[in-house]
$ cat coords-v4.pdb   # PDB, C-alpha atoms, pLDDT in the B column
ATOM      1  CA  GLN A   1      34.189  83.357 164.002  1.00 95.00           C
ATOM      2  CA  VAL A   2      33.970  83.834 160.250  1.00 97.00           C
ATOM      3  CA  GLU A   3      36.391  86.290 158.758  1.00 98.00           C
ATOM      4  CA  LEU A   4      37.240  87.311 155.199  1.00 98.00           C
ATOM      5  CA  VAL A   5      40.173  89.676 154.851  1.00 98.00           C
ATOM      6  CA  GLU A   6      40.959  91.270 151.506  1.00 98.00           C
ATOM      7  CA  SER A   7      44.315  92.721 150.586  1.00 98.00           C
ATOM      8  CA  GLY A   8      46.294  93.806 147.544  1.00 98.00           C
ATOM      9  CA  GLY A   9      44.414  96.913 146.548  1.00 98.00           C
ATOM     10  CA  GLY A  10      46.130 100.182 145.759  1.00 98.00           C
ATOM     11  CA  LEU A  11      46.727 102.904 143.195  1.00 98.00           C
ATOM     12  CA  VAL A  12      47.802 101.932 139.687  1.00 98.00           C
ATOM     13  CA  HIS A  13      48.050 103.674 136.349  1.00 97.00           C
ATOM     14  CA  ASN A  14      45.678 102.974 133.475  1.00 97.00           C
ATOM     15  CA  GLY A  15      46.771  99.629 131.995  1.00 98.00           C
ATOM     16  CA  GLY A  16      48.452  98.439 135.163  1.00 98.00           C
ATOM     17  CA  SER A  17      47.922  95.246 137.176  1.00 98.00           C
ATOM     18  CA  LEU A  18      47.006  94.250 140.694  1.00 98.00           C
ATOM     19  CA  ARG A  19      46.481  90.947 142.465  1.00 98.00           C
ATOM     20  CA  LEU A  20      43.866  90.876 145.174  1.00 98.00           C
ATOM     21  CA  SER A  21      43.788  88.215 147.883  1.00 98.00           C
ATOM     22  CA  CYS A  22      41.031  87.172 150.263  1.00 98.00           C
ATOM     23  CA  LEU A  23      42.112  85.101 153.257  1.00 98.00           C
ATOM     24  CA  SER A  24      39.249  83.200 154.881  1.00 98.00           C
ATOM     25  CA  SER A  25      38.866  81.691 158.333  1.00 98.00           C
ATOM     26  CA  GLY A  26      36.146  80.365 160.618  1.00 97.00           C
ATOM     27  CA  PHE A  27      34.498  78.052 158.081  1.00 97.00           C
ATOM     28  CA  ASN A  28      35.460  75.053 155.959  1.00 96.00           C
ATOM     29  CA  PHE A  29      36.766  76.834 152.883  1.00 97.00           C
ATOM     30  CA  VAL A  30      36.774  73.781 150.605  1.00 96.00           C
ATOM     31  CA  PHE A  31      32.966  73.549 150.772  1.00 96.00           C
ATOM     32  CA  TYR A  32      32.405  77.168 149.760  1.00 97.00           C
ATOM     33  CA  GLY A  33      32.039  78.935 146.461  1.00 97.00           C
ATOM     34  CA  MET A  34      33.791  82.304 146.403  1.00 98.00           C
ATOM     35  CA  ALA A  35      33.340  85.514 144.473  1.00 98.00           C
ATOM     36  CA  TRP A  36      34.564  89.057 144.027  1.00 98.00           C
ATOM     37  CA  PHE A  37      32.177  91.992 143.862  1.00 98.00           C
ATOM     38  CA  ARG A  38      32.962  95.681 143.633  1.00 98.00           C
ATOM     39  CA  GLN A  39      31.264  98.865 144.692  1.00 98.00           C
ATOM     40  CA  ALA A  40      32.048 102.323 143.357  1.00 96.00           C
ATOM     41  CA  PRO A  41      30.858 105.475 145.174  1.00 94.00           C
ATOM     42  CA  GLY A  42      27.130 106.012 144.701  1.00 95.00           C
ATOM     43  CA  LYS A  43      26.644 102.692 142.945  1.00 96.00           C
ATOM     44  CA  GLU A  44      25.307  99.276 143.848  1.00 96.00           C
ATOM     45  CA  ARG A  45      27.672  96.419 144.636  1.00 97.00           C
ATOM     46  CA  GLU A  46      28.194  94.563 141.361  1.00 98.00           C
ATOM     47  CA  PHE A  47      29.413  91.119 140.432  1.00 98.00           C
ATOM     48  CA  VAL A  48      32.956  90.784 139.076  1.00 98.00           C
ATOM     49  CA  ALA A  49      34.008  87.123 139.177  1.00 98.00           C
ATOM     50  CA  ALA A  50      33.087  83.854 140.885  1.00 98.00           C
ATOM     51  CA  ILE A  51      34.686  80.471 141.369  1.00 98.00           C
ATOM     52  CA  SER A  52      32.968  77.303 142.484  1.00 97.00           C
ATOM     53  CA  ARG A  53      34.148  74.976 145.192  1.00 96.00           C
ATOM     54  CA  SER A  54      36.689  72.480 143.935  1.00 92.00           C
ATOM     55  CA  GLY A  55      35.304  69.265 142.472  1.00 90.00           C
ATOM     56  CA  ARG A  56      36.640  66.128 140.833  1.00 90.00           C
ATOM     57  CA  ASN A  57      37.017  67.994 137.543  1.00 89.00           C
ATOM     58  CA  GLY A  58      38.378  71.185 139.063  1.00 92.00           C
ATOM     59  CA  THR A  59      36.415  74.434 139.393  1.00 95.00           C
ATOM     60  CA  THR A  60      34.098  76.517 137.266  1.00 97.00           C
ATOM     61  CA  THR A  61      34.396  80.279 136.924  1.00 98.00           C
ATOM     62  CA  GLU A  62      32.180  83.140 135.818  1.00 98.00           C
ATOM     63  CA  TYR A  63      33.033  86.735 134.938  1.00 98.00           C
ATOM     64  CA  THR A  64      31.091  89.861 134.220  1.00 98.00           C
ATOM     65  CA  ASP A  65      31.492  90.831 130.567  1.00 98.00           C
ATOM     66  CA  SER A  66      33.521  93.971 131.226  1.00 98.00           C
ATOM     67  CA  VAL A  67      36.405  92.055 132.822  1.00 98.00           C
ATOM     68  CA  LYS A  68      36.546  88.947 130.632  1.00 98.00           C
ATOM     69  CA  GLY A  69      40.034  88.461 129.224  1.00 98.00           C
ATOM     70  CA  ARG A  70      41.540  90.884 131.755  1.00 98.00           C
ATOM     71  CA  PHE A  71      40.733  89.412 135.200  1.00 98.00           C
ATOM     72  CA  THR A  72      41.329  85.877 136.480  1.00 98.00           C
ATOM     73  CA  ILE A  73      39.855  84.395 139.648  1.00 98.00           C
ATOM     74  CA  SER A  74      41.556  81.446 141.324  1.00 98.00           C
ATOM     75  CA  ARG A  75      41.600  79.680 144.668  1.00 98.00           C
ATOM     76  CA  ASP A  76      44.118  77.848 146.841  1.00 98.00           C
ATOM     77  CA  ASP A  77      42.232  75.544 149.186  1.00 97.00           C
ATOM     78  CA  ALA A  78      45.391  74.731 151.151  1.00 97.00           C
ATOM     79  CA  LYS A  79      45.724  78.431 152.000  1.00 98.00           C
ATOM     80  CA  ASN A  80      41.995  79.213 152.393  1.00 98.00           C
ATOM     81  CA  THR A  81      42.524  82.015 149.920  1.00 98.00           C
ATOM     82  CA  VAL A  82      40.841  83.267 146.765  1.00 98.00           C
ATOM     83  CA  TYR A  83      42.659  85.574 144.362  1.00 98.00           C
ATOM     84  CA  LEU A  84      41.731  88.050 141.675  1.00 98.00           C
ATOM     85  CA  GLN A  85      44.442  88.836 139.140  1.00 98.00           C
ATOM     86  CA  MET A  86      43.540  92.096 137.426  1.00 98.00           C
ATOM     87  CA  ASN A  87      45.399  93.127 134.276  1.00 98.00           C
ATOM     88  CA  SER A  88      44.912  96.001 131.845  1.00 98.00           C
ATOM     89  CA  LEU A  89      43.122  97.993 134.516  1.00 98.00           C
ATOM     90  CA  LYS A  90      40.924 100.888 133.447  1.00 97.00           C
ATOM     91  CA  PRO A  91      39.647 103.906 135.391  1.00 96.00           C
ATOM     92  CA  GLU A  92      36.153 102.363 135.368  1.00 96.00           C
ATOM     93  CA  ASP A  93      37.519  99.406 137.369  1.00 98.00           C
ATOM     94  CA  ALA A  94      38.119 101.683 140.359  1.00 98.00           C
ATOM     95  CA  ALA A  95      36.030 100.598 143.343  1.00 98.00           C
ATOM     96  CA  VAL A  96      36.150  98.854 146.690  1.00 98.00           C
ATOM     97  CA  TYR A  97      36.512  95.145 145.972  1.00 98.00           C
ATOM     98  CA  HIS A  98      34.817  92.705 148.345  1.00 98.00           C
ATOM     99  CA  CYS A  99      35.060  88.940 148.470  1.00 98.00           C
ATOM    100  CA  GLY A 100      32.061  86.811 149.318  1.00 98.00           C
ATOM    101  CA  ALA A 101      31.573  83.191 150.371  1.00 98.00           C
ATOM    102  CA  ARG A 102      28.628  80.816 150.129  1.00 97.00           C
ATOM    103  CA  ARG A 103      28.189  77.192 151.140  1.00 96.00           C
ATOM    104  CA  SER A 104      27.917  75.127 147.972  1.00 92.00           C
ATOM    105  CA  ILE A 105      27.016  71.567 147.057  1.00 87.00           C
ATOM    106  CA  GLY A 106      28.038  71.390 143.399  1.00 85.00           C
ATOM    107  CA  THR A 107      30.555  73.110 141.204  1.00 89.00           C
ATOM    108  CA  TYR A 108      28.453  76.055 140.118  1.00 91.00           C
ATOM    109  CA  ALA A 109      29.801  79.594 140.224  1.00 94.00           C
ATOM    110  CA  HIS A 110      27.091  81.869 141.602  1.00 94.00           C
ATOM    111  CA  THR A 111      26.895  85.426 140.336  1.00 95.00           C
ATOM    112  CA  ALA A 112      24.093  86.959 142.415  1.00 96.00           C
ATOM    113  CA  LYS A 113      25.021  89.115 145.375  1.00 96.00           C
ATOM    114  CA  ASP A 114      22.202  87.714 147.492  1.00 96.00           C
ATOM    115  CA  ASP A 115      23.581  84.186 147.070  1.00 95.00           C
ATOM    116  CA  TYR A 116      26.548  85.017 149.277  1.00 97.00           C
ATOM    117  CA  THR A 117      26.484  84.657 153.049  1.00 97.00           C
ATOM    118  CA  TYR A 118      29.791  86.031 154.249  1.00 98.00           C
ATOM    119  CA  TRP A 119      31.562  89.209 153.160  1.00 98.00           C
ATOM    120  CA  GLY A 120      34.862  90.914 153.749  1.00 98.00           C
ATOM    121  CA  GLN A 121      35.363  94.606 154.459  1.00 97.00           C
ATOM    122  CA  GLY A 122      36.905  95.258 151.080  1.00 98.00           C
ATOM    123  CA  THR A 123      40.084  96.648 149.566  1.00 98.00           C
ATOM    124  CA  GLN A 124      40.279  99.879 147.576  1.00 98.00           C
ATOM    125  CA  VAL A 125      41.402  99.834 143.955  1.00 98.00           C
ATOM    126  CA  THR A 126      42.155 103.177 142.325  1.00 98.00           C
ATOM    127  CA  VAL A 127      43.144 103.538 138.672  1.00 98.00           C
ATOM    128  CA  SER A 128      44.597 106.806 137.449  1.00 95.00           C
ATOM    129  CA  SER A 129      43.997 107.848 133.855  1.00 87.00           C
TER     130      SER A 129
END

$ encode --input "coords-v4.pdb" --output "structure tokens"
Amino acid sequence: QVELVESGGGLVHNGGSLRLSCLSSGFNFVFYGMAWFRQAPGKEREFVAAISRSGRNGTTTEYTDSVKGRFTISRDDAKNTVYLQMNSLKPEDAAVYHCGARRSIGTYAHTAKDDYTYWGQGTQVTVSS
């Protein structure tokens, strides 16, 4: 049974930091690319960050422009976990953050929502101004 469980969300002040985690089970994590998407009320789910499966030369990452330099995605294959370190948070970052997983062959970080097969239930991030 595939399961993705996000944690680490919460309420922070403008400029604060959070670290989200997504613990995966039920599939072979090392063969999967992972990503974080977010969805604010009344809006579509949007791409935030993606990380490829690990290869000989490490991983590749992609970020949406609005979070570049503030957010960092990483993965720990030994723990079946992907992380999202979020610094300098802004009120516009507030949303439910979901992690996604997709079976991958190469080290390409996919950014399209429809590319992802498995999803977690999400964790709420709230940023007060």

$ atom_distance --input "coords-v4.pdb" --atom1 "CA of Tyr83 in chain A" --atom2 "CA of Leu20 in chain A"
5.5 Å

$ closest_atom_pairs --input "coords-v4.pdb" --of "range 2-82 of chain A" --to "range 105-108 of chain A" --cutoff "12 Å" --atoms "all atoms listed in the file" --output "JSON lines"
{"residue": "A:Val30", "atom": "CA", "partner": "A:Ile105", "partner_atom": "CA", "distance": 10.6}
{"residue": "A:Phe31", "atom": "CA", "partner": "A:Ile105", "partner_atom": "CA", "distance": 7.3}
{"residue": "A:Tyr32", "atom": "CA", "partner": "A:Ile105", "partner_atom": "CA", "distance": 8.2}
{"residue": "A:Gly33", "atom": "CA", "partner": "A:Tyr108", "partner_atom": "CA", "distance": 7.8}
{"residue": "A:Met34", "atom": "CA", "partner": "A:Tyr108", "partner_atom": "CA", "distance": 10.3}
{"residue": "A:Ala35", "atom": "CA", "partner": "A:Tyr108", "partner_atom": "CA", "distance": 11.5}
{"residue": "A:Ala50", "atom": "CA", "partner": "A:Tyr108", "partner_atom": "CA", "distance": 9.1}
{"residue": "A:Ile51", "atom": "CA", "partner": "A:Tyr108", "partner_atom": "CA", "distance": 7.7}
{"residue": "A:Ser52", "atom": "CA", "partner": "A:Thr107", "partner_atom": "CA", "distance": 5.0}
{"residue": "A:Arg53", "atom": "CA", "partner": "A:Thr107", "partner_atom": "CA", "distance": 5.7}
{"residue": "A:Ser54", "atom": "CA", "partner": "A:Thr107", "partner_atom": "CA", "distance": 6.7}
{"residue": "A:Gly55", "atom": "CA", "partner": "A:Thr107", "partner_atom": "CA", "distance": 6.2}
{"residue": "A:Arg56", "atom": "CA", "partner": "A:Thr107", "partner_atom": "CA", "distance": 9.3}
{"residue": "A:Asn57", "atom": "CA", "partner": "A:Thr107", "partner_atom": "CA", "distance": 9.0}
{"residue": "A:Gly58", "atom": "CA", "partner": "A:Thr107", "partner_atom": "CA", "distance": 8.3}
{"residue": "A:Thr59", "atom": "CA", "partner": "A:Thr107", "partner_atom": "CA", "distance": 6.3}
{"residue": "A:Thr60", "atom": "CA", "partner": "A:Thr107", "partner_atom": "CA", "distance": 6.3}
{"residue": "A:Thr61", "atom": "CA", "partner": "A:Tyr108", "partner_atom": "CA", "distance": 8.0}
{"residue": "A:Glu62", "atom": "CA", "partner": "A:Tyr108", "partner_atom": "CA", "distance": 9.1}

$ atom_distance --input "coords-v4.pdb" --atom1 "CA of Cys99 in chain A" --atom2 "CA of Ala40 in chain A"
14.6 Å

$ residues_around --input "coords-v4.pdb" --residues "Gly122 in chain A" --least-positions-apart "5" --cutoff "6 Å" --atoms "all atoms listed in the file" --output "VMD selection string"
chain A and resid 6 96 to 98

$ residues_around --input "coords-v4.pdb" --residues "Arg38 in chain A" --least-positions-apart "4" --cutoff "10 Å" --atoms "all atoms listed in the file" --output "compact mmCIF listing (two decimals) with C-alpha atoms, keeping the file's coordinate frame"
# COMPACT_ATOMS: atom_id res chain seq x y z
CA LYS A 43 26.64 102.69 142.94
CA GLU A 44 25.31 99.28 143.85
CA ARG A 45 27.67 96.42 144.64
CA GLU A 46 28.19 94.56 141.36
CA PHE A 47 29.41 91.12 140.43
CA VAL A 48 32.96 90.78 139.08
CA ALA A 49 34.01 87.12 139.18
CA ASP A 93 37.52 99.41 137.37
CA ALA A 94 38.12 101.68 140.36
CA ALA A 95 36.03 100.60 143.34
CA VAL A 96 36.15 98.85 146.69
CA TYR A 97 36.51 95.14 145.97
CA HIS A 98 34.82 92.70 148.34
CA CYS A 99 35.06 88.94 148.47
CA GLY A 122 36.90 95.26 151.08
CA THR A 123 40.08 96.65 149.57
CA GLN A 124 40.28 99.88 147.58
CA VAL A 125 41.40 99.83 143.96

$ resolve_selection --input "coords-v4.pdb" --expression "the PyMOL selection byres ((chain A and resi 16) around 10)" --output "count of residues only"
14

$ closest_residue --input "coords-v4.pdb" --among "A:Thr72, A:Gln1, A:Gln39, A:Ser104" --to "Phe27 in chain A" --atoms "all atoms listed in the file"
A:Gln1
